[in-house]
Structures are given as C-alpha cells and as structure tokens.
$ cat work-v9.cif   # mmCIF, C-alpha atoms
data_my_file
loop_
_atom_site.label_atom_id
_atom_site.label_comp_id
_atom_site.auth_asym_id
_atom_site.auth_seq_id
_atom_site.Cartn_x
_atom_site.Cartn_y
_atom_site.Cartn_z
CA MET A 126 -35.93 -160.93 -53.72
CA GLN A 127 -33.64 -163.01 -51.55
CA HIS A 128 -36.30 -165.69 -51.52
CA THR A 129 -36.16 -165.92 -55.31
CA VAL A 130 -32.38 -166.15 -55.34
CA SER A 131 -32.36 -168.97 -52.81
CA THR A 132 -34.84 -171.02 -54.82
CA TRP A 133 -32.78 -170.57 -58.02
CA ASN A 134 -29.74 -171.70 -56.09
CA THR A 135 -31.50 -174.75 -54.70
CA HIS A 136 -32.79 -175.64 -58.16
CA PHE A 137 -29.32 -175.23 -59.59
CA LEU A 138 -27.77 -177.35 -56.84
CA SER A 139 -30.35 -180.08 -57.25
CA PHE A 140 -29.52 -180.26 -60.97
CA ILE A 141 -25.79 -180.52 -60.22
CA VAL A 142 -26.40 -183.23 -57.64
CA LEU A 143 -28.55 -185.27 -60.00
CA LEU A 144 -26.05 -184.79 -62.81
CA ILE A 145 -23.21 -186.03 -60.65
CA ARG A 146 -25.20 -188.96 -59.34
CA SER A 147 -26.07 -190.06 -62.82
CA PHE A 148 -22.54 -190.57 -64.09
CA PRO A 149 -20.99 -193.34 -62.02
CA GLN A 150 -22.91 -196.57 -62.45
CA SER A 151 -22.57 -198.92 -59.49
CA SER A 152 -21.12 -202.33 -60.40
CA PRO A 153 -24.04 -204.46 -61.54
CA SER A 154 -25.12 -207.49 -59.52
CA PRO A 155 -24.48 -210.93 -61.09
CA ILE A 156 -28.13 -211.19 -62.17
CA SER A 157 -28.41 -207.74 -63.66
CA SER A 158 -25.24 -208.26 -65.66
CA LEU A 159 -27.28 -210.62 -67.75
CA HIS A 160 -29.45 -207.70 -68.84
CA SER A 161 -28.52 -205.78 -71.91
CA PRO A 162 -26.71 -202.49 -71.36
CA ARG A 163 -29.70 -200.68 -72.90
CA VAL A 164 -32.04 -201.83 -70.10
CA ASP A 165 -29.55 -200.62 -67.49
CA LEU A 166 -29.54 -197.25 -69.19
CA VAL A 167 -33.34 -197.07 -69.16
CA GLN A 168 -33.34 -197.99 -65.48
CA SER A 169 -30.86 -195.25 -64.72
CA VAL A 170 -32.84 -192.69 -66.74
CA ASN A 171 -35.99 -193.88 -64.97
CA GLN A 172 -34.36 -193.35 -61.58
CA MET A 173 -33.04 -190.00 -62.71
CA VAL A 174 -36.36 -188.76 -64.01
CA GLY A 175 -38.21 -190.20 -61.01
CA GLY A 176 -35.77 -188.66 -58.56
CA GLY A 177 -35.77 -185.40 -60.45
CA VAL A 178 -39.57 -185.24 -60.58
CA ILE A 179 -39.98 -186.00 -56.89
CA GLN A 180 -37.40 -183.42 -55.88
CA GLN A 181 -39.06 -180.88 -58.16
CA ILE A 182 -42.48 -181.65 -56.70
CA LEU A 183 -41.15 -181.13 -53.20
CA ARG A 184 -39.50 -177.85 -54.10
CA ARG A 185 -42.60 -176.66 -55.86
CA LYS A 186 -44.75 -177.36 -52.83
CA LEU A 187 -42.30 -175.50 -50.64
CA HIS A 188 -41.60 -172.49 -52.82
CA SER A 189 -44.49 -172.30 -55.28
CA GLN A 190 -42.24 -170.72 -57.86
CA SER A 191 -42.62 -171.40 -61.52
CA ALA A 192 -39.34 -172.84 -62.77
CA ALA A 193 -40.57 -174.72 -65.82
CA THR A 194 -38.13 -173.14 -68.28
CA PRO A 195 -34.79 -174.18 -66.77
CA VAL A 196 -36.22 -177.60 -65.92
CA LEU A 197 -37.28 -178.18 -69.52
CA SER A 198 -33.91 -177.07 -70.88
CA TRP A 199 -32.17 -179.31 -68.35
CA PHE A 200 -34.31 -182.26 -69.34
CA ALA A 201 -33.58 -181.51 -72.99
CA SER A 202 -29.83 -181.62 -72.37
CA LYS A 203 -30.17 -184.87 -70.41
CA LYS A 204 -32.09 -186.40 -73.27
CA VAL A 205 -29.25 -185.57 -75.64
CA HIS A 206 -26.80 -187.34 -73.34
CA GLU A 207 -28.83 -190.49 -73.06
CA ASP A 208 -29.87 -190.78 -76.69
CA ALA A 209 -26.65 -192.54 -77.60
CA ALA A 210 -28.21 -195.95 -76.88
CA GLY A 211 -30.69 -196.17 -79.75
CA SER A 212 -34.21 -197.40 -78.95
CA SER A 213 -33.83 -196.73 -75.27
CA GLY A 214 -33.92 -193.10 -76.33
CA VAL A 215 -37.59 -193.50 -77.25
CA ARG A 216 -38.35 -194.92 -73.82
CA ALA A 217 -36.39 -192.12 -72.24
CA LEU A 218 -38.38 -189.59 -74.23
CA ALA A 219 -41.64 -191.18 -73.05
CA LEU A 220 -40.50 -191.00 -69.44
CA LEU A 221 -39.41 -187.43 -70.00
CA GLY A 222 -42.82 -186.54 -71.32
CA ALA A 223 -44.50 -188.11 -68.31
CA GLY A 224 -42.18 -186.25 -65.97
CA VAL A 225 -42.69 -182.88 -67.60
CA THR A 226 -46.49 -183.29 -67.65
CA GLY A 227 -46.42 -184.14 -63.98
CA LEU A 228 -44.32 -181.10 -63.23
CA LEU A 229 -46.46 -178.68 -65.18
CA SER A 230 -49.66 -179.97 -63.62
CA PHE A 231 -48.20 -179.45 -60.15
CA SER A 232 -47.19 -175.90 -60.94
CA THR A 233 -50.76 -174.76 -61.44
CA VAL A 234 -51.88 -176.28 -58.15
CA ALA A 235 -49.07 -174.80 -56.07
CA SER A 236 -49.10 -171.26 -57.43
CA ALA A 237 -52.80 -170.76 -56.65
CA ASP A 238 -52.32 -170.85 -52.89
CA GLU A 239 -50.26 -168.01 -51.47
CA ALA A 240 -52.53 -167.90 -48.43
CA GLU A 241 -51.26 -171.42 -47.77
CA HIS A 242 -47.88 -170.10 -46.72
CA GLY A 243 -49.18 -166.94 -45.12
CA LEU A 244 -48.11 -163.41 -45.81
CA ALA A 245 -44.34 -163.08 -45.49
CA CYS A 246 -43.51 -161.16 -42.34
CA PRO A 247 -41.21 -158.12 -42.51
CA ASP A 248 -37.89 -157.94 -40.65
CA TYR A 249 -38.06 -155.72 -37.60
CA PRO A 250 -34.90 -154.14 -36.14
CA TRP A 251 -34.76 -156.02 -32.84
CA PRO A 252 -32.47 -154.38 -30.29
CA HIS A 253 -30.77 -157.72 -29.63
CA ASP A 254 -29.95 -158.39 -33.28
CA GLY A 255 -26.38 -157.14 -33.47
CA ILE A 256 -23.24 -159.22 -33.24
CA LEU A 257 -22.51 -157.94 -29.74
CA SER A 258 -26.01 -156.83 -28.72
CA SER A 259 -27.64 -158.13 -25.56
CA TYR A 260 -31.32 -158.48 -24.76
CA ASP A 261 -33.26 -155.50 -23.53
CA HIS A 262 -33.91 -156.86 -20.04
CA ALA A 263 -36.49 -154.23 -19.17
CA SER A 264 -38.37 -155.42 -22.22
CA ILE A 265 -38.04 -159.04 -21.07
CA ARG A 266 -39.52 -158.07 -17.72
CA ARG A 267 -42.46 -156.30 -19.32
CA GLY A 268 -42.86 -159.19 -21.74
CA HIS A 269 -43.11 -161.66 -18.90
CA GLN A 270 -45.81 -159.53 -17.39
CA VAL A 271 -47.73 -159.59 -20.67
CA TYR A 272 -47.28 -163.37 -20.90
CA GLN A 273 -48.51 -163.86 -17.37
CA GLN A 274 -51.57 -161.66 -17.70
CA VAL A 275 -52.59 -162.28 -21.31
CA CYS A 276 -51.12 -165.51 -22.62
CA ALA A 277 -50.72 -167.83 -19.64
CA SER A 278 -54.44 -168.56 -19.50
CA CYS A 279 -54.05 -170.74 -22.60
CA HIS A 280 -50.33 -171.21 -23.36
CA SER A 281 -47.95 -173.18 -21.20
CA MET A 282 -44.23 -172.49 -20.94
CA SER A 283 -43.27 -175.70 -19.27
CA LEU A 284 -39.53 -175.51 -19.90
CA ILE A 285 -39.01 -172.29 -17.94
CA SER A 286 -38.58 -172.32 -14.17
CA TYR A 287 -38.93 -169.36 -11.82
CA ARG A 288 -35.25 -169.56 -11.03
CA ASP A 289 -34.44 -168.87 -14.71
CA LEU A 290 -35.98 -165.44 -14.31
CA VAL A 291 -33.60 -164.44 -11.50
CA GLY A 292 -30.98 -162.04 -12.75
CA VAL A 293 -32.70 -161.75 -16.10
CA ALA A 294 -36.01 -160.07 -15.39
CA TYR A 295 -36.52 -160.18 -11.61
CA THR A 296 -34.51 -160.20 -8.41
CA GLU A 297 -34.43 -163.36 -6.36
CA GLU A 298 -36.94 -161.98 -3.85
CA GLU A 299 -39.34 -160.91 -6.56
CA ALA A 300 -39.09 -164.29 -8.26
CA LYS A 301 -39.61 -166.11 -4.97
CA ALA A 302 -42.69 -164.01 -4.26
CA MET A 303 -44.05 -164.71 -7.74
CA ALA A 304 -43.47 -168.44 -7.36
CA ALA A 305 -45.17 -168.47 -3.95
CA GLU A 306 -48.37 -167.22 -5.54
CA ILE A 307 -48.97 -170.50 -7.34
CA GLU A 308 -49.98 -173.86 -5.92
CA VAL A 309 -47.95 -176.89 -6.89
CA VAL A 310 -48.82 -180.55 -6.45
CA ASP A 311 -46.02 -182.36 -4.66
CA GLY A 312 -45.55 -185.65 -2.90
CA PRO A 313 -46.12 -188.33 -1.99
CA ASN A 314 -45.64 -187.46 1.67
CA ASP A 315 -44.83 -189.93 4.45
CA GLU A 316 -48.44 -191.04 4.47
CA GLY A 317 -48.30 -191.73 0.77
CA GLU A 318 -50.58 -188.88 -0.23
CA MET A 319 -50.01 -186.12 -2.77
CA PHE A 320 -50.30 -182.62 -1.31
CA THR A 321 -50.27 -179.07 -2.59
CA ARG A 322 -47.79 -176.44 -1.50
CA PRO A 323 -46.91 -172.89 -2.55
CA GLY A 324 -44.41 -172.70 -5.41
CA LYS A 325 -40.66 -172.38 -5.08
CA LEU A 326 -37.95 -171.05 -7.39
CA SER A 327 -37.25 -174.53 -8.64
CA ASP A 328 -40.78 -175.05 -9.94
CA ARG A 329 -41.67 -174.68 -13.58
CA LEU A 330 -44.09 -172.01 -14.77
CA PRO A 331 -47.65 -173.26 -14.22
CA GLN A 332 -49.56 -174.99 -16.99
CA PRO A 333 -53.08 -173.77 -17.80
CA TYR A 334 -54.34 -177.23 -18.80
CA ALA A 335 -53.62 -180.69 -17.40
CA ASN A 336 -52.85 -182.18 -20.83
CA GLU A 337 -53.20 -181.61 -24.57
CA SER A 338 -56.70 -183.09 -24.74
CA ALA A 339 -57.97 -180.71 -22.08
CA ALA A 340 -56.34 -177.83 -23.95
CA ARG A 341 -57.97 -178.82 -27.22
CA PHE A 342 -61.33 -179.31 -25.58
CA ALA A 343 -61.24 -175.85 -24.07
CA ASN A 344 -60.17 -174.21 -27.33
CA GLY A 345 -62.45 -175.67 -29.94
CA GLY A 346 -60.12 -178.47 -30.97
CA ALA A 347 -57.07 -176.27 -31.40
CA TYR A 348 -54.02 -176.77 -29.21
CA PRO A 349 -52.35 -173.56 -27.97
CA PRO A 350 -48.71 -174.52 -28.42
CA ASP A 351 -46.16 -174.35 -25.63
CA LEU A 352 -44.24 -171.11 -25.99
CA SER A 353 -40.90 -172.09 -24.44
CA LEU A 354 -39.22 -172.48 -27.84
CA ILE A 355 -41.71 -170.85 -30.16
CA THR A 356 -39.36 -168.26 -31.66
CA LYS A 357 -37.00 -171.07 -32.65
CA ALA A 358 -39.83 -173.39 -33.69
CA ARG A 359 -41.19 -171.11 -36.39
CA HIS A 360 -39.39 -169.87 -39.48
CA ASN A 361 -38.12 -166.33 -38.83
CA GLY A 362 -39.71 -166.83 -35.39
CA GLN A 363 -39.27 -163.42 -33.74
CA ASN A 364 -40.58 -161.45 -36.70
CA TYR A 365 -43.29 -164.01 -37.34
CA VAL A 366 -44.67 -163.95 -33.79
CA PHE A 367 -44.63 -160.15 -33.67
CA ALA A 368 -46.33 -159.85 -37.06
CA LEU A 369 -48.89 -162.47 -36.07
CA LEU A 370 -49.80 -160.88 -32.74
CA THR A 371 -50.15 -157.39 -34.20
CA GLY A 372 -51.49 -158.45 -37.58
CA TYR A 373 -55.12 -159.27 -37.00
CA ARG A 374 -57.02 -157.61 -39.81
CA ASP A 375 -60.25 -157.86 -41.75
CA PRO A 376 -60.08 -160.63 -44.34
CA PRO A 377 -59.74 -159.74 -48.04
CA ALA A 378 -62.82 -159.59 -50.22
CA GLY A 379 -64.06 -163.05 -51.07
CA ILE A 380 -62.60 -164.75 -48.02
CA SER A 381 -64.91 -165.78 -45.25
CA ILE A 382 -63.71 -167.42 -42.07
CA ARG A 383 -65.94 -169.86 -40.27
CA GLU A 384 -67.32 -169.24 -36.83
CA GLY A 385 -64.73 -169.91 -34.15
CA LEU A 386 -61.71 -168.96 -36.25
CA HIS A 387 -60.21 -165.56 -36.94
CA TYR A 388 -58.44 -164.10 -39.94
CA ASN A 389 -54.72 -163.45 -39.71
CA PRO A 390 -52.80 -163.06 -42.99
CA TYR A 391 -49.49 -164.19 -41.44
CA PHE A 392 -50.88 -167.50 -40.23
CA PRO A 393 -50.48 -170.24 -42.86
CA GLY A 394 -53.93 -170.71 -44.37
CA GLY A 395 -55.21 -167.46 -42.89
CA ALA A 396 -57.64 -168.90 -40.35
CA ILE A 397 -56.25 -169.02 -36.82
CA ALA A 398 -58.06 -170.26 -33.71
CA MET A 399 -56.54 -167.65 -31.41
CA PRO A 400 -58.45 -164.36 -31.25
CA LYS A 401 -56.70 -161.00 -31.12
CA MET A 402 -55.26 -160.86 -27.63
CA LEU A 403 -53.16 -157.72 -27.63
CA ASN A 404 -55.34 -154.66 -27.29
CA ASP A 405 -54.23 -151.23 -26.22
CA GLU A 406 -53.93 -150.90 -22.45
CA ALA A 407 -54.73 -154.56 -21.83
CA VAL A 408 -51.88 -154.56 -19.35
CA GLU A 409 -50.66 -151.83 -17.02
CA TYR A 410 -46.90 -151.88 -17.00
CA GLU A 411 -45.14 -151.50 -13.66
CA ASP A 412 -42.60 -149.08 -15.12
CA GLY A 413 -45.25 -146.81 -16.59
CA VAL A 414 -44.50 -147.45 -20.23
CA PRO A 415 -47.69 -147.00 -22.27
CA ALA A 416 -49.00 -150.43 -23.13
CA THR A 417 -49.93 -150.08 -26.77
CA GLU A 418 -50.49 -153.12 -28.90
CA ALA A 419 -47.13 -152.74 -30.65
CA GLN A 420 -45.32 -152.16 -27.35
CA MET A 421 -46.81 -155.29 -25.80
CA GLY A 422 -45.99 -157.26 -28.94
CA LYS A 423 -42.37 -156.15 -28.86
CA ASP A 424 -42.02 -156.90 -25.16
CA VAL A 425 -43.64 -160.31 -25.29
CA VAL A 426 -41.51 -161.32 -28.28
CA SER A 427 -38.38 -160.17 -26.43
CA PHE A 428 -39.47 -162.36 -23.53
CA LEU A 429 -40.16 -165.32 -25.83
CA SER A 430 -36.82 -164.85 -27.59
CA TRP A 431 -35.05 -164.95 -24.26
CA ALA A 432 -37.05 -167.99 -23.20
CA ALA A 433 -36.04 -169.86 -26.36
CA GLU A 434 -32.41 -168.68 -26.35
CA PRO A 435 -31.34 -167.72 -22.83
CA GLU A 436 -27.72 -168.45 -23.73
CA MET A 437 -27.61 -165.85 -26.50
CA GLU A 438 -25.56 -163.22 -24.70
CA GLU A 439 -22.95 -165.68 -23.52
CA ARG A 440 -22.86 -167.24 -26.97
CA LYS A 441 -22.20 -163.91 -28.66
CA LEU A 442 -19.42 -163.06 -26.23
CA MET A 443 -17.84 -166.47 -26.66
CA GLY A 444 -18.22 -166.27 -30.44
CA PHE A 445 -16.62 -162.88 -30.67
CA LYS A 446 -13.73 -163.91 -28.41
CA TRP A 447 -12.96 -167.17 -30.18
CA ILE A 448 -13.33 -165.83 -33.68
CA PHE A 449 -10.87 -163.09 -32.77
CA LEU A 450 -8.37 -165.50 -31.20
CA LEU A 451 -8.64 -168.03 -34.00
CA SER A 452 -8.02 -165.28 -36.56
CA LEU A 453 -4.80 -164.45 -34.77
CA ALA A 454 -3.97 -168.13 -34.71
CA LEU A 455 -4.66 -168.29 -38.44
CA LEU A 456 -2.24 -165.48 -39.12
CA GLN A 457 0.38 -167.19 -36.99
CA ALA A 458 -0.17 -170.51 -38.70
CA ALA A 459 0.03 -168.93 -42.14
CA TYR A 460 3.32 -167.23 -41.25
CA TYR A 461 4.76 -170.45 -39.82
CA ARG A 462 3.74 -172.49 -42.85
CA ARG A 463 5.29 -170.03 -45.24
CA LEU A 464 8.40 -169.90 -43.11
CA LYS A 465 8.88 -173.66 -43.24
CA TRP A 466 8.04 -173.97 -46.91
CA SER A 467 10.25 -171.10 -47.92
CA VAL A 468 13.16 -173.52 -48.01
CA LEU A 469 11.54 -175.63 -50.69
CA LYS A 470 9.84 -172.83 -52.53
CA SER A 471 13.10 -170.99 -53.04
CA ARG A 472 14.96 -173.96 -54.50
CA LYS A 473 16.73 -173.41 -57.76
CA LEU A 474 17.52 -176.06 -60.30
CA VAL A 475 20.55 -175.54 -62.44
CA LEU A 476 20.74 -177.33 -65.76
CA ASP A 477 24.41 -177.77 -66.34
CA VAL A 478 25.66 -179.02 -69.69
CA VAL A 479 28.48 -181.37 -68.94
CA ASN A 480 31.17 -180.88 -71.38
CA MET B 244 -48.67 -139.14 -18.09
CA ASN B 245 -51.87 -137.16 -18.40
CA GLY B 246 -52.35 -135.58 -21.80
CA LEU B 247 -48.69 -134.81 -22.44
CA LEU B 248 -47.34 -134.61 -25.96
CA SER B 249 -43.88 -136.07 -25.55
CA LEU B 250 -41.17 -133.91 -27.05
CA ASN B 251 -39.39 -136.73 -28.83
CA ARG B 252 -42.66 -138.09 -30.28
CA LYS B 253 -42.03 -141.48 -28.66
CA HIS B 254 -45.41 -141.67 -26.96
CA ILE B 255 -48.29 -140.20 -28.83
CA PHE B 256 -50.99 -139.06 -26.42
CA LEU B 257 -54.21 -137.37 -27.28
CA ALA B 258 -55.63 -134.68 -25.06
CA ASP B 259 -58.04 -137.07 -23.37
CA ASP B 260 -55.32 -139.46 -22.15
CA GLU B 261 -55.75 -141.95 -24.97
CA VAL B 262 -52.70 -143.67 -26.37
CA VAL B 263 -52.38 -144.15 -30.09
CA ASP B 264 -50.89 -147.43 -31.18
CA PRO B 265 -47.73 -146.47 -33.12
CA LYS B 266 -48.16 -149.35 -35.56
CA LYS B 267 -51.64 -148.22 -36.62
CA TYR B 268 -50.41 -144.66 -36.88
CA LEU B 269 -47.47 -145.67 -39.09
CA GLU B 270 -49.64 -147.93 -41.24
CA GLU B 271 -51.90 -144.97 -41.97
CA SER B 272 -48.98 -142.68 -42.69
CA CYS B 273 -47.51 -145.26 -45.07
CA ASN B 274 -50.75 -145.45 -47.04
CA PRO B 275 -49.75 -142.80 -49.61
CA LYS B 276 -46.65 -144.83 -50.50
CA CYS B 277 -48.71 -147.89 -51.28
CA VAL B 278 -51.44 -146.37 -53.39
CA LYS B 279 -50.78 -148.59 -56.39
CA PRO B 280 -51.37 -151.95 -54.68
CA LEU B 281 -54.31 -150.42 -52.83
CA LEU B 282 -55.94 -149.40 -56.08
CA GLU B 283 -55.27 -152.88 -57.50
CA TYR B 284 -57.00 -154.37 -54.47
CA GLN B 285 -59.97 -152.06 -54.76
CA ALA B 286 -60.25 -152.87 -58.46
CA CYS B 287 -60.27 -156.56 -57.58
CA VAL B 288 -62.97 -156.04 -54.96
CA LYS B 289 -65.09 -154.30 -57.57
CA ARG B 290 -64.45 -157.10 -60.07
CA ILE B 291 -65.61 -159.87 -57.79
CA GLN B 292 -68.50 -158.00 -56.28
CA GLY B 293 -71.16 -159.76 -58.26
CA ASP B 294 -69.69 -163.19 -57.74
CA ASP B 295 -71.72 -165.73 -55.81
CA SER B 296 -69.67 -168.85 -56.50
CA GLY B 297 -67.46 -168.24 -53.46
CA HIS B 298 -64.30 -169.17 -55.35
CA LYS B 299 -63.15 -165.66 -56.24
CA HIS B 300 -61.10 -163.73 -53.76
CA CYS B 301 -58.60 -160.91 -53.64
CA THR B 302 -55.95 -162.48 -51.43
CA GLY B 303 -53.17 -161.77 -53.92
CA GLN B 304 -53.81 -158.06 -54.16
CA TYR B 305 -54.45 -157.92 -50.41
CA PHE B 306 -51.06 -159.53 -49.74
CA ASP B 307 -49.30 -157.17 -52.16
CA TYR B 308 -50.80 -154.16 -50.43
CA TRP B 309 -49.99 -155.28 -46.92
CA GLN B 310 -46.50 -156.37 -47.92
CA CYS B 311 -45.88 -152.83 -49.18
CA ILE B 312 -47.23 -151.33 -45.95
CA ASP B 313 -45.21 -153.72 -43.79
CA LYS B 314 -42.00 -152.93 -45.66
CA CYS B 315 -42.62 -149.25 -45.05
CA VAL B 316 -43.58 -149.58 -41.38
CA ALA B 317 -41.02 -152.10 -40.16
CA PRO B 318 -37.85 -149.94 -40.10
CA LYS B 319 -39.65 -147.08 -38.34
CA LEU B 320 -41.81 -148.85 -35.79
CA PHE B 321 -39.30 -149.67 -33.09
CA THR B 322 -38.06 -146.08 -32.87
CA LYS B 323 -41.51 -145.26 -31.57
CA LEU B 324 -41.46 -147.98 -28.91
CA LYS B 325 -39.60 -148.09 -25.64
#
$ encode --input "work-v9.cif" --output "structure tokens"
Amino acid sequence: MQHTVSTWNTHFLSFIVLLIRSFPQSSPSPISSLHSPRVDLVQSVNQMVGGGVIQQILRRKLHSQSAATPVLSWFASKKVHEDAAGSSGVRALALLGAGVTGLLSFSTVASADEAEHGLACPDYPWPHDGILSSYDHASIRRGHQVYQQVCASCHSMSLISYRDLVGVAYTEEEAKAMAAEIEVVDGPNDEGEMFTRPGKLSDRLPQPYANESAARFANGGAYPPDLSLITKARHNGQNYVFALLTGYRDPPAGISIREGLHYNPYFPGGAIAMPKMLNDEAVEYEDGVPATEAQMGKDVVSFLSWAAEPEMEERKLMGFKWIFLLSLALLQAAYYRRLKWSVLKSRKLVLDVVN
Amino acid sequence: MNGLLSLNRKHIFLADDEVVDPKKYLEESCNPKCVKPLLEYQACVKRIQGDDSGHKHCTGQYFDYWQCIDKCVAPKLFTKLK
C-alpha cells in the first residue's frame, strides 16, 4: 500500500516540476529571436512532452504501475494551456498523440513482468530496529560462524579485518587465534621475496578467490558478491537477504529454470546462481542454540548488518543525544526571539486628529 | 537438548531429536489464512496444464499466495528464534 502511495506522490511531484519548468522561458539567443514566437512555443512543448515521456518511461520501468488516467488528464490540461498560439496547437496535439501512444505501449510491457522485480520481501522485526536498540551481539557471533562455515567458501568480505571483530563478537585472544589459522601472503622480505605467514588481527578476512574472473569461472559465470556492505547495497537489505536465504522454493507452474540456476522468488528475475545454502543443522553453534534454517538466516543477517553498519550503535546514541539537546536549544531560541520581538509586536499606533 | 519439548515453545523438538524449522512450521500454520490466493493459484495451474507453448505461467498467483503467507509469518517468526 505504501508502495502505491509513494508512486502517486512521485508522479504528482514530477508533474509539478514539469509544470514549473515550463513557465519561465529563458531569454532567447540572438539567432533564435529571429524565429517566430510560435516556433519557440512548439520547441518548448516538444521539450515538455519529450521530458515528460522520458520521465514517465523511467518511472514505469521502475514501478510498473498503470498511471495512464492522471497522465492523460494532465496532458489534456497542458494542451489547453498551449493552444493559445493557433496552428502550433495542431503540432502540439500531434506530439501529444505520439507521447501518449508511447506511454501506453510501454505500460503493457512493464506490467507483464512482476518476476522482474522479484517478490517483495516482508518486514521482519529485527531486534536492532528501534531508535535506541543495539545489535544482538550473541547473534553477530553466531552469524560470523555461519558466514565462516557456509558462505566464506564463495563470498569474500574484504572490508572487514579480524580486529573489527574484537569487542563485538569475540575477545582479543579469540580473534587472534582465529586470525592465526589463516595464511597470508606478505613481503617482500629483505631478499626481495614474497612469503607467507600466519594471520594477525590487522589482516582482512580471507578471500576465497584471487580475483573476479576466478570467482566467475568457479561459479558458472556468476560472481558471488562481496558481502561487506550487502545489506546497504540492496533495497531493504536486511529483510531482502533474510527472505532470499530462507526463501528457496519450487517454481510456480509454467516456470522452468535452466540447469545450473535455482528458483528464488525474491531474486529479481527468479533465477539465482546460488543454491540453497542454509539447511537445518548445517552448523553446530558453540552456544548450543539449535541451528535451524531460520535461526541461521537471522544470525547471518545480523552479522552482515553489523559488517555494513558497525557504527550503528554509536550513531543512535549520538542521534538521540543531539536531537534532545537541539530541541532544548530550539525552545530557548524561540523564547529569546519572542522576547526580543515583543517590543515591536506590542507597539501601538495612535491616530490622533489634530484639532 | 535430547527430545525436550521446551516450555516456552521457543525450540520445537520432536521425540527423535529432530529440530523443526520455525519458518516452515509457521508457513504451514498460516496456510488456512491464505486459502483464497492458494485456490487462485491452483485454478491457474489447472488452466495452464494443457499448455505446451511455454509462455503461460502462474507467477502472479504464486506471488499473491506467498505474499499473504509472508505477511502472516513475518511478525511471529522472530519470537520463535533466539
């Protein structure tokens, strides 16, 4: 429902913007001033219709909502405005017709493809959603474990270092021990050679593939994206990733997915290269929590949310503090303003008839 | 952890130490609420059964059904998770 309202608003705003843009005519160049005023009008209508059509096409592709009725009525009212200049009205009408035909033809194409945008994901009540809510750090810890054991074989997280995990999900000793398990290429040494050494806290999380080409080659041409910012890089990221991971289902009747891809209704287009990775008991949690598919999904998304927005807790505290203080400052400023202006606002004028 | 039925219904264990995924469980329990879109989907499946052109599909009805289920499951799911 909210989605519908936002598209009406954007349509409405685009009309207002175009309307406003149309009125002031920029001062004509010396050459164009030789043209008759009627040609200028046609040019402006042309621009208007062109701009309007393009904007409408873009919105239609994005929202696939049928909005033909208000558009037509808007065009009709525009036509009335521009008709004042005689024969240019006929040209305007022709352009109008072309624009409307274009619009209507696009509407049929766009509305046929809801799989194109993927099934809209629901909103889950994340524990860290509130205005003063922090992350569930136990969940982040479990989520890192899921990432390490399930996801890290294909997905890199090259913006996160082991030291970032200290104080968030692991103690310093635990993080150091985890880092020491990996081998890192370092160097050159004094002899000019690269060497490998066990990892340190300052090292980034290891990458499964050397580069994008290797990743694509190993995954049938598809590149498993880096997950460091994934919940910010997708619309409604947290809910989307959770819905995607737990949403592998049989395709609807009439849809067949080619060999090598899998059906997922939340993925735009429906055919995703990643197979279902979260299966019950795929991971054994250290803290004994039963590792169901939904539990692992929640934990890994908590981890990914933290990875994308590690500053969230500090941001919320800062936001709350400053909004509170600035509200007090606003009250003070309002009082002070009214105090100073009271002198002028309480003036009285006396009309005295001089005898 | 072996075959316990937790008192607050957070973890659903069967007698033979199997865990039931809460999301699947809730999706099944939400089925009665979404009978209408389910019937629409099944009607669509029946309609396109004979089709060989490969262009007919029931994605719309499928999406409507799953959207209904998701809306029902989403508020309840996290209460069942740790």
$ resolve_selection --input "work-v9.cif" --expression "the PyMOL selection byres ((chain A) within 8 of (chain B))" --output "list in words"
Glu239, Ala240, Leu244, Ala245, Cys246, Pro247, Asp248, Tyr249, Pro250, Trp251, Pro377, Ala378, Gly379, Ile380, Pro390, Asp405, Val414, Pro415, Thr417, Glu418, Ala419 and Gln420 of chain A
$ residues_around --input "work-v9.cif" --residues "Gly394 (chain A)" --least-positions-apart "6" --cutoff "8 Å" --atoms "all atoms listed in the file" --output "ChimeraX atom specification"
/A:240-243
$ atom_distance --input "work-v9.cif" --atom1 "CA of Ala343 (chain A)" --atom2 "CA of Ile355 (chain A)"
21.1 Å
$ closest_atom_pairs --input "work-v9.cif" --of "region 382-455 of chain A" --to "region 356-360 of chain A" --cutoff "12 Å" --atoms "all atoms listed in the file" --output "JSON lines"
{"residue": "A:Tyr391", "atom": "CA", "partner": "A:His360", "partner_atom": "CA", "distance": 11.8}
{"residue": "A:Phe392", "atom": "CA", "partner": "A:Arg359", "partner_atom": "CA", "distance": 11.0}
{"residue": "A:Pro393", "atom": "CA", "partner": "A:Arg359", "partner_atom": "CA", "distance": 11.4}
{"residue": "A:Val425", "atom": "CA", "partner": "A:Thr356", "partner_atom": "CA", "distance": 11.0}
{"residue": "A:Val426", "atom": "CA", "partner": "A:Thr356", "partner_atom": "CA", "distance": 8.0}
{"residue": "A:Ser427", "atom": "CA", "partner": "A:Thr356", "partner_atom": "CA", "distance": 9.7}
{"residue": "A:Phe428", "atom": "CA", "partner": "A:Thr356", "partner_atom": "CA", "distance": 10.0}
{"residue": "A:Leu429", "atom": "CA", "partner": "A:Thr356", "partner_atom": "CA", "distance": 6.6}
{"residue": "A:Ser430", "atom": "CA", "partner": "A:Thr356", "partner_atom": "CA", "distance": 5.9}
{"residue": "A:Trp431", "atom": "CA", "partner": "A:Thr356", "partner_atom": "CA", "distance": 9.2}
{"residue": "A:Ala432", "atom": "CA", "partner": "A:Thr356", "partner_atom": "CA", "distance": 8.8}
{"residue": "A:Ala433", "atom": "CA", "partner": "A:Thr356", "partner_atom": "CA", "distance": 6.5}
{"residue": "A:Glu434", "atom": "CA", "partner": "A:Lys357", "partner_atom": "CA", "distance": 8.2}
{"residue": "A:Pro435", "atom": "CA", "partner": "A:Lys357", "partner_atom": "CA", "distance": 11.8}
$ closest_residue --input "work-v9.cif" --among "A:Glu438, A:Asp412, A:Asp289, A:Asp424" --to "Ile265 (chain A)" --atoms "all atoms listed in the file"
A:Asp424
$ atom_distance --input "work-v9.cif" --atom1 "CA of Leu330 (chain A)" --atom2 "CA of Glu436 (chain A)"
19.0 Å
$ atom_distance --input "work-v9.cif" --atom1 "CA of Arg267 (chain A)" --atom2 "CA of Tyr410 (chain A)"
6.7 Å
$ resolve_selection --input "work-v9.cif" --expression "the PyMOL selection byres ((chain A and resi 320) around 6)" --output "PDB file with C-alpha atoms, in the frame of the given file"
ATOM      1  CA  VAL A 310     -48.820-180.550  -6.450  1.00  0.00           C
ATOM      2  CA  ASP A 311     -46.020-182.360  -4.660  1.00  0.00           C
ATOM      3  CA  GLY A 312     -45.550-185.650  -2.900  1.00  0.00           C
ATOM      4  CA  MET A 319     -50.010-186.120  -2.770  1.00  0.00           C
ATOM      5  CA  THR A 321     -50.270-179.070  -2.590  1.00  0.00           C
TER       6      THR A 321
END
